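Chemist: Have a peek at protein18.txt (compact mmCIF, C-alpha atoms).
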# COMPACT_ATOMS: atom_id res chain seq x y z
CA MET P 1 26.66 3.56 -0.01
CA ALA P 2 25.12 2.09 3.16
CA THR P 3 21.77 3.53 4.22
CA TYR P 4 23.15 4.94 7.44
CA ASP P 5 26.02 6.73 5.74
CA THR P 6 23.38 9.40 5.11
CA LEU P 7 20.88 8.76 7.94
CA GLY P 8 23.18 7.94 10.83
CA ALA P 9 25.15 11.13 11.34
CA THR P 10 23.31 12.10 14.55
CA TYR P 11 23.03 8.65 16.13
CA ALA P 12 25.68 9.14 18.79
CA ARG P 13 23.67 12.11 20.08
CA THR P 14 20.03 11.01 19.66
CA ARG P 15 20.24 7.22 20.00
CA ARG P 16 21.72 6.69 23.44
CA PRO P 17 20.92 3.32 25.09
CA ASP P 18 18.09 3.30 27.62
CA PRO P 19 19.18 1.38 30.75
CA ARG P 20 15.81 -0.38 31.20
CA ILE P 21 15.78 -1.67 27.65
CA ALA P 22 19.46 -2.57 27.99
CA ALA P 23 18.66 -4.68 31.06
CA GLN P 24 16.01 -6.61 29.14
CA ILE P 25 18.32 -7.23 26.18
CA HIS P 26 21.18 -8.36 28.40
CA ALA P 27 18.85 -10.67 30.34
CA ALA P 28 17.69 -12.18 27.05
CA LEU P 29 21.30 -12.84 26.04
CA GLY P 30 21.73 -14.80 29.25
CA ASN P 31 24.92 -16.24 30.65
CA VAL P 32 26.97 -16.34 27.48
CA THR P 33 30.71 -15.93 27.20
CA ASP P 34 30.93 -13.80 24.04
CA VAL P 35 28.60 -11.84 21.76
CA ILE P 36 28.70 -10.61 18.17
CA ASN P 37 26.56 -7.54 17.42
CA VAL P 38 25.21 -7.46 13.85
CA GLY P 39 23.95 -4.15 12.47
CA ALA P 40 25.76 -2.70 15.43
CA GLY P 41 25.56 0.99 14.59
CA THR P 42 27.27 3.13 17.19
CA GLY P 43 27.34 0.31 19.74
CA SER P 44 24.20 0.92 21.79
CA TYR P 45 23.28 -1.97 24.09
CA GLU P 46 26.48 -3.90 23.50
CA PRO P 47 27.33 -5.88 26.63
CA ALA P 48 30.89 -6.02 27.93
CA ARG P 49 31.14 -9.53 26.46
CA THR P 50 30.88 -8.20 22.89
CA VAL P 51 33.86 -9.40 20.87
CA LEU P 52 32.92 -8.06 17.43
CA ALA P 53 30.55 -5.52 15.89
CA VAL P 54 29.40 -5.86 12.28
CA GLU P 55 28.14 -2.66 10.64
CA PRO P 56 27.95 -1.68 6.95
CA SER P 57 28.06 2.10 7.49
CA LYS P 58 31.42 3.78 7.96
CA VAL P 59 29.59 6.82 9.36
CA MET P 60 28.13 4.71 12.15
CA VAL P 61 31.39 2.92 12.84
CA ALA P 62 33.14 6.28 13.18
CA GLN P 63 30.74 7.24 15.99
CA ARG P 64 31.50 4.21 18.13
CA PRO P 65 33.00 5.33 21.45
CA ALA P 66 36.57 4.61 22.44
CA GLY P 67 36.89 1.22 24.07
CA SER P 68 34.07 -0.36 22.07
CA ALA P 69 34.40 -3.83 20.63
CA PRO P 70 36.32 -3.97 17.35
CA ALA P 71 34.11 -3.34 14.32
CA VAL P 72 34.18 -4.70 10.80
CA GLN P 73 32.37 -3.07 7.88
CA ALA P 74 30.13 -5.80 6.45
CA VAL P 75 26.49 -6.78 5.97
CA ALA P 76 24.35 -9.30 7.83
CA GLU P 77 23.80 -11.42 4.74
CA HIS P 78 27.55 -12.15 4.49
CA LEU P 79 29.12 -12.20 7.95
CA PRO P 80 32.92 -12.38 7.70
CA VAL P 81 33.31 -14.86 10.57
CA ARG P 82 33.51 -18.64 10.89
CA ASP P 83 30.67 -20.97 11.88
CA ASP P 84 29.90 -21.06 15.62
CA ALA P 85 32.06 -17.99 16.17
CA ALA P 86 30.38 -16.76 19.38
CA ASP P 87 28.06 -17.98 22.10
CA ALA P 88 25.42 -15.43 21.11
CA VAL P 89 24.61 -13.08 18.27
CA MET P 90 22.36 -10.06 18.61
CA ALA P 91 20.72 -7.85 15.98
CA LEU P 92 18.86 -4.83 17.31
CA LEU P 93 16.40 -2.77 15.21
CA THR P 94 18.29 -3.67 12.06
CA VAL P 95 16.53 -6.52 10.22
CA HIS P 96 14.22 -4.09 8.38
CA HIS P 97 17.27 -2.54 6.70
CA TRP P 98 18.61 -5.82 5.32
CA THR P 99 18.25 -6.56 1.62
CA ASP P 100 17.56 -10.26 2.32
CA PRO P 101 16.27 -10.92 5.86
CA ALA P 102 16.12 -14.69 5.33
CA ALA P 103 19.78 -14.80 4.35
CA GLY P 104 20.71 -12.52 7.25
CA ILE P 105 18.90 -14.66 9.81
CA ALA P 106 20.55 -17.76 8.37
CA GLU P 107 23.91 -16.08 8.93
CA LEU P 108 23.04 -15.24 12.55
CA ARG P 109 22.17 -18.89 13.15
CA ARG P 110 25.38 -20.03 11.46
CA VAL P 111 27.56 -17.83 13.64
CA ALA P 112 25.83 -18.37 17.01
CA ARG P 113 26.71 -21.43 19.06
CA ARG P 114 23.91 -21.05 21.62
CA ARG P 115 21.55 -18.10 21.18
CA VAL P 116 20.29 -15.42 18.78
CA VAL P 117 18.53 -12.29 20.09
CA VAL P 118 16.71 -9.98 17.68
CA LEU P 119 15.00 -6.71 18.60
CA THR P 120 12.30 -5.73 16.12
CA TRP P 121 8.69 -4.58 16.11
CA ASP P 122 5.27 -5.96 15.26
CA GLN P 123 4.01 -3.63 12.53
CA ARG P 124 0.36 -4.53 13.13
CA VAL P 125 0.58 -3.49 16.78
CA PHE P 126 2.67 -0.43 15.96
CA ARG P 127 0.17 0.79 13.36
CA GLU P 128 -2.80 0.31 15.68
CA ARG P 129 -1.36 1.70 18.93
CA PHE P 130 1.07 4.44 17.99
CA TRP P 131 -0.82 7.70 17.62
CA LEU P 132 1.90 9.38 15.50
CA VAL P 133 1.52 7.07 12.52
CA LYS P 134 -2.16 6.34 13.08
CA GLU P 135 -3.37 9.95 13.28
CA TYR P 136 -0.72 12.13 11.70
CA LEU P 137 1.77 10.27 9.53
CA PRO P 138 0.06 7.42 7.66
CA GLU P 139 2.71 7.93 4.97
CA ALA P 140 5.35 6.78 7.46
CA ALA P 141 3.23 3.77 8.40
CA ALA P 142 2.88 2.86 4.73
CA PHE P 143 6.67 3.12 4.36
CA ASP P 144 7.16 0.74 7.29
CA ASP P 145 4.67 -1.67 5.73
CA THR P 146 7.17 -2.15 2.90
CA ARG P 147 10.11 -3.05 5.12
CA ALA P 148 8.80 -4.52 8.40
CA VAL P 149 9.30 -8.28 8.66
CA PRO P 150 6.43 -9.98 10.54
CA THR P 151 7.58 -11.28 13.91
CA GLU P 152 6.04 -14.68 13.16
CA ARG P 153 8.14 -14.90 10.00
CA LEU P 154 11.31 -13.99 11.91
CA ALA P 155 10.52 -16.58 14.57
CA GLU P 156 10.12 -19.18 11.84
CA LEU P 157 13.42 -18.21 10.18
CA LEU P 158 15.10 -18.46 13.58
CA GLY P 159 13.94 -22.06 13.87
CA GLY P 160 11.51 -21.14 16.63
CA ALA P 161 11.82 -18.21 19.01
CA ARG P 162 10.03 -16.88 22.03
CA GLN P 163 8.77 -13.30 21.87
CA GLU P 164 9.06 -10.79 24.70
CA PRO P 165 7.25 -7.44 24.64
CA VAL P 166 9.61 -4.49 25.13
CA PRO P 167 7.61 -1.71 26.81
CA VAL P 168 8.88 1.79 26.04
CA PRO P 169 9.45 4.02 29.13
CA HIS P 170 7.84 7.47 29.02
CA ASP P 171 11.27 9.07 29.40
CA CYS P 172 13.13 6.68 27.11
CA ALA P 173 16.71 7.81 26.53
CA ASP P 174 16.98 6.10 23.16
CA GLY P 175 15.35 8.20 20.44
CA PHE P 176 13.91 5.45 18.23
CA ALA P 177 10.58 5.86 16.45
CA ALA P 178 8.12 5.51 19.36
CA ALA P 179 10.45 6.70 22.12
CA TYR P 180 8.61 10.01 22.49
CA TRP P 181 5.09 8.59 22.74
CA ARG P 182 4.44 10.77 25.84
CA ARG P 183 6.57 13.71 24.61
CA PRO P 184 4.85 14.64 21.34
CA HIS P 185 6.62 17.97 20.86
CA ALA P 186 9.84 16.04 20.23
CA TYR P 187 8.61 14.88 16.84
CA LEU P 188 8.53 18.49 15.67
CA ASP P 189 12.30 18.77 16.22
CA PRO P 190 14.25 17.99 13.02
CA ARG P 191 17.23 16.89 15.10
CA VAL P 192 15.10 14.20 16.73
CA ARG P 193 13.61 13.12 13.40
CA ALA P 194 17.10 12.87 11.88
CA GLY P 195 17.82 9.88 14.12
CA ILE P 196 14.64 7.99 13.17
CA SER P 197 14.68 6.25 9.80
CA LEU P 198 10.87 6.06 9.79
CA LEU P 199 10.79 9.87 9.79
CA THR P 200 13.65 10.53 7.41
CA GLN P 201 13.41 8.01 4.59
CA PRO P 202 9.88 8.99 3.40
CA GLY P 203 11.14 12.59 3.01
CA GLU P 204 10.22 15.87 4.70
CA THR P 205 7.79 16.87 1.95
CA ALA P 206 5.66 13.77 2.49
CA LEU P 207 5.53 14.25 6.26
CA ALA P 208 5.12 18.03 6.39
CA PRO P 209 1.27 18.14 6.36
CA GLY P 210 0.98 15.62 9.19
CA LEU P 211 3.62 17.37 11.27
CA ALA P 212 1.79 20.67 10.74
CA ARG P 213 -1.43 19.07 12.04
CA LEU P 214 0.44 17.76 15.07
CA SER P 215 1.86 21.21 15.76
CA ASP P 216 -1.60 22.76 15.55
CA ASP P 217 -3.15 20.11 17.81
CA LEU P 218 -0.44 20.58 20.41
CA ALA P 219 -0.82 24.35 20.37
CA ALA P 220 -4.61 24.09 20.74
CA GLY P 221 -4.46 21.40 23.44
CA ARG P 222 -6.33 18.89 21.28
CA TRP P 223 -3.58 16.27 21.43
CA HIS P 224 -3.49 16.36 25.24
CA THR P 225 -7.25 16.05 25.46
CA ARG P 226 -7.39 13.16 23.03
CA HIS P 227 -4.50 11.31 24.67
CA ALA P 228 -5.04 12.14 28.33
CA GLU P 229 -4.91 8.46 29.25
CA LEU P 230 -1.40 8.13 27.82
CA LEU P 231 -0.17 10.87 30.11
CA THR P 232 -0.89 8.66 33.13
CA ARG P 233 1.26 5.77 31.88
CA GLU P 234 4.85 5.02 32.81
CA THR P 235 5.43 2.61 29.93
CA PHE P 236 3.66 1.79 26.67
CA ASP P 237 3.66 -1.38 24.57
CA VAL P 238 3.85 -0.04 21.02
CA GLY P 239 4.80 -3.37 19.46
CA TYR P 240 8.55 -3.65 20.05
CA ARG P 241 9.53 -7.29 20.53
CA LEU P 242 12.61 -9.29 21.53
CA LEU P 243 12.89 -12.61 19.73
CA VAL P 244 15.08 -15.13 21.54
CA ALA P 245 16.08 -18.34 19.79
CA ASP P 246 18.23 -21.11 21.29
CA HIS P 247 20.23 -23.69 19.36
Could I get this file's structure written as structure tokens?

Modeler:
Amino acid sequence: MATYDTLGATYARTRRPDPRIAAQIHAALGNVTDVINVGAGTGSYEPARTVLAVEPSKVMVAQRPAGSAPAVQAVAEHLPVRDDAADAVMALLTVHHWTDPAAGIAELRRVARRRVVVLTWDQRVFRERFWLVKEYLPEAAAFDDTRAVPTERLAELLGGARQEPVPVPHDCADGFAAAYWRRPHAYLDPRVRAGISLLTQPGETALAPGLARLSDDLAAGRWHTRHAELLTRETFDVGYRLLVADH
């Protein structure tokens, strides 16, 4: 069973594409004629030029909206397409779920004629800057330590890649892990947490004490006092990075 057969049931509702992040991803893809989306999920951020989506979870594929690019159920490590199949290949917030990232990146390079775009995060930056894992949920940070692939390693596997910071808007529409950095009450909502693998895979029991502390700090005003500076920001760099590699 694919990981997101159990974790992805709410994605169509909680993981809607944010237009500002979409604009950055589409700019990184550049002027390409066709795109393959690997680890495509429900189809967030797919440009109109997408010709194929590759996704291992049937639950995620079932949530793709009508009119989306055709989808095939397969894994990144074994893409069922020929060499040089598309101008560009993109893989967004998916590499950390792969069983063999090196093999998956090699497949992206095999399939792309011109460009590979990967959205991931720098775990060192994420751990240091994101208050949720730093102050309340170190268990979640420790879980990410086991699966995050260093951006320098990914750049190396890609044969050299430039890195672009992806700042997260304070009202981000896409409910990924750090999307609610200025809306802390959201992390107390189990429906929100259900769409964030970082907050589901460690298990509710492991996270319950930290979430209880967060609830108490919000009720007492301690969180707002401690993070007053965050409340003045429009965007926040929490470590998300676009890696762009050209052939």

Chemist: Measure the distance from atom CA of Ala22 of chain P to atom CA of Tyr45 of chain P in Å and round it to one decimal.

Modeler: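 Spanning atom CA of Ala22 of chain P to atom CA of Tyr45 of chain P is a straight-line distance of 5.5 Å.
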
Chemist: If we count all atoms listed in the file, what is near Leu231 of chain P at a cut-off of 12 Å, once residues fewer than 2 positions away on the same chain are taken out, given as a PyMOL selection string?

Modeler: chain P and resi 169-171+180-184+223-229+233-236

Chemist: Around the point (8.9, 0.9, 26.4) in the file's coordinates, collect all residues with an atom within 9 Å, using only C-alpha atoms, and return them as an NGL selection string.

Modeler: :P and (20-21 or 165-170 or 172 or 178-179 or 234-238 or 240)

Chemist: In Å to one decimal, how far is atom CA of Leu158 of chain P from atom CA of Gly175 of chain P?

Modeler: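 Separation of atom CA of Gly175 of chain P and atom CA of Leu158 of chain P: 27.5 Å.
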
Chemist: Of the candidates P:Ala148, P:Thr42, P:Ala28, P:Arg127, which shows the shortest atom-to-atom distance to Val89 of chain P, using only C-alpha atoms?

Modeler: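 Among the listed residues, the smallest separation from Val89 of chain P belongs to P:Ala28.
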
Chemist: List every protein, DNA or RNA residue with an atom no more than 6 Å from (4.8, -9.5, 12.1) in the file's coordinates, counting all atoms listed in the file, and format the result as number ranges by chain.

Modeler: P: 122-123, 149-152

Chemist: Could you write out that same residue set with C-alpha atoms as a short mmCIF file (atom, residue, chain, number, x, y, z; two decimals), in the coordinates of the input?

Modeler:
data_model
loop_
_atom_site.label_atom_id
_atom_site.label_comp_id
_atom_site.auth_asym_id
_atom_site.auth_seq_id
_atom_site.Cartn_x
_atom_site.Cartn_y
_atom_site.Cartn_z
CA ASP P 122 5.27 -5.96 15.26
CA GLN P 123 4.01 -3.63 12.53
CA VAL P 149 9.30 -8.28 8.66
CA PRO P 150 6.43 -9.98 10.54
CA THR P 151 7.58 -11.28 13.91
CA GLU P 152 6.04 -14.68 13.16
#

Chemist: Calculated over all atoms listed in the file, which of the candidates P:Gly39, P:Ala88, P:Phe126, P:Ala53 has the smallest distance to Ala76 of chain P?

Modeler: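 Among P:Gly39, P:Ala88, P:Phe126, P:Ala53, it is P:Gly39 that comes nearest to Ala76 of chain P.
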
Chemist: From the list P:Asp189, P:Glu55, P:Asp87, P:Glu128, which residue is nearest Leu29 of chain P when using all atoms listed in the file?

Modeler: P:Asp87

Chemist: Do you know which residues are at most 12 Å from Ala102 of chain P counting only C-alpha atoms, after dropping those on the same chain fewer than 2 positions away, and could you put them as a ChimeraX atom specification?

Modeler: /P:76-78,95-96,98-100,104-109,149-150,153-159

Chemist: Atom CA of Thr120 of chain P and atom CA of Ser44 of chain P are how many Å apart?

Modeler: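 Calculated distance between atom CA of Thr120 of chain P and atom CA of Ser44 of chain P is 14.8 Å.
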
Chemist: Could you tell me which of P:Arg115, P:His26, P:Arg222, P:His97 comes closest to Ala161 of chain P if we count only C-alpha atoms?

Modeler: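 Selected residue with least distance to Ala161 of chain P: P:Arg115.
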
Chemist: Could you check the closest approach to Pro80 of chain P for each of P:Val111, P:Met60, P:Tyr136, P:Ala219 and tell me which residue wins, using only C-alpha atoms?

Modeler: P:Val111

Chemist: Neighbouring residues of Ala186 of chain P were defined as those with any atom within 12 Å, considering all atoms listed in the file; residues of the same chain fewer than 6 positions away were excluded. Please report them as a PyMOL selection string.

Modeler: chain P and resi 14+132+171+175-180+192-196+211+214-215+218

Chemist: Find the residues around segment 33-35 of chain P up to 10 Å (only C-alpha atoms counted), leave out those fewer than 5 positions away in its own chain, and share them as number ranges by chain.

Modeler: P: 46-53, 69, 85-90, 112, 115-116

Chemist: Which residue gives the smallest distance to Val54 of chain P among P:Pro190, P:Gly41, P:Gly221, P:Gly67, with only C-alpha atoms counted?

Modeler: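 Looking only at the distances to Val54 of chain P, the closest residue turns out to be P:Gly41.
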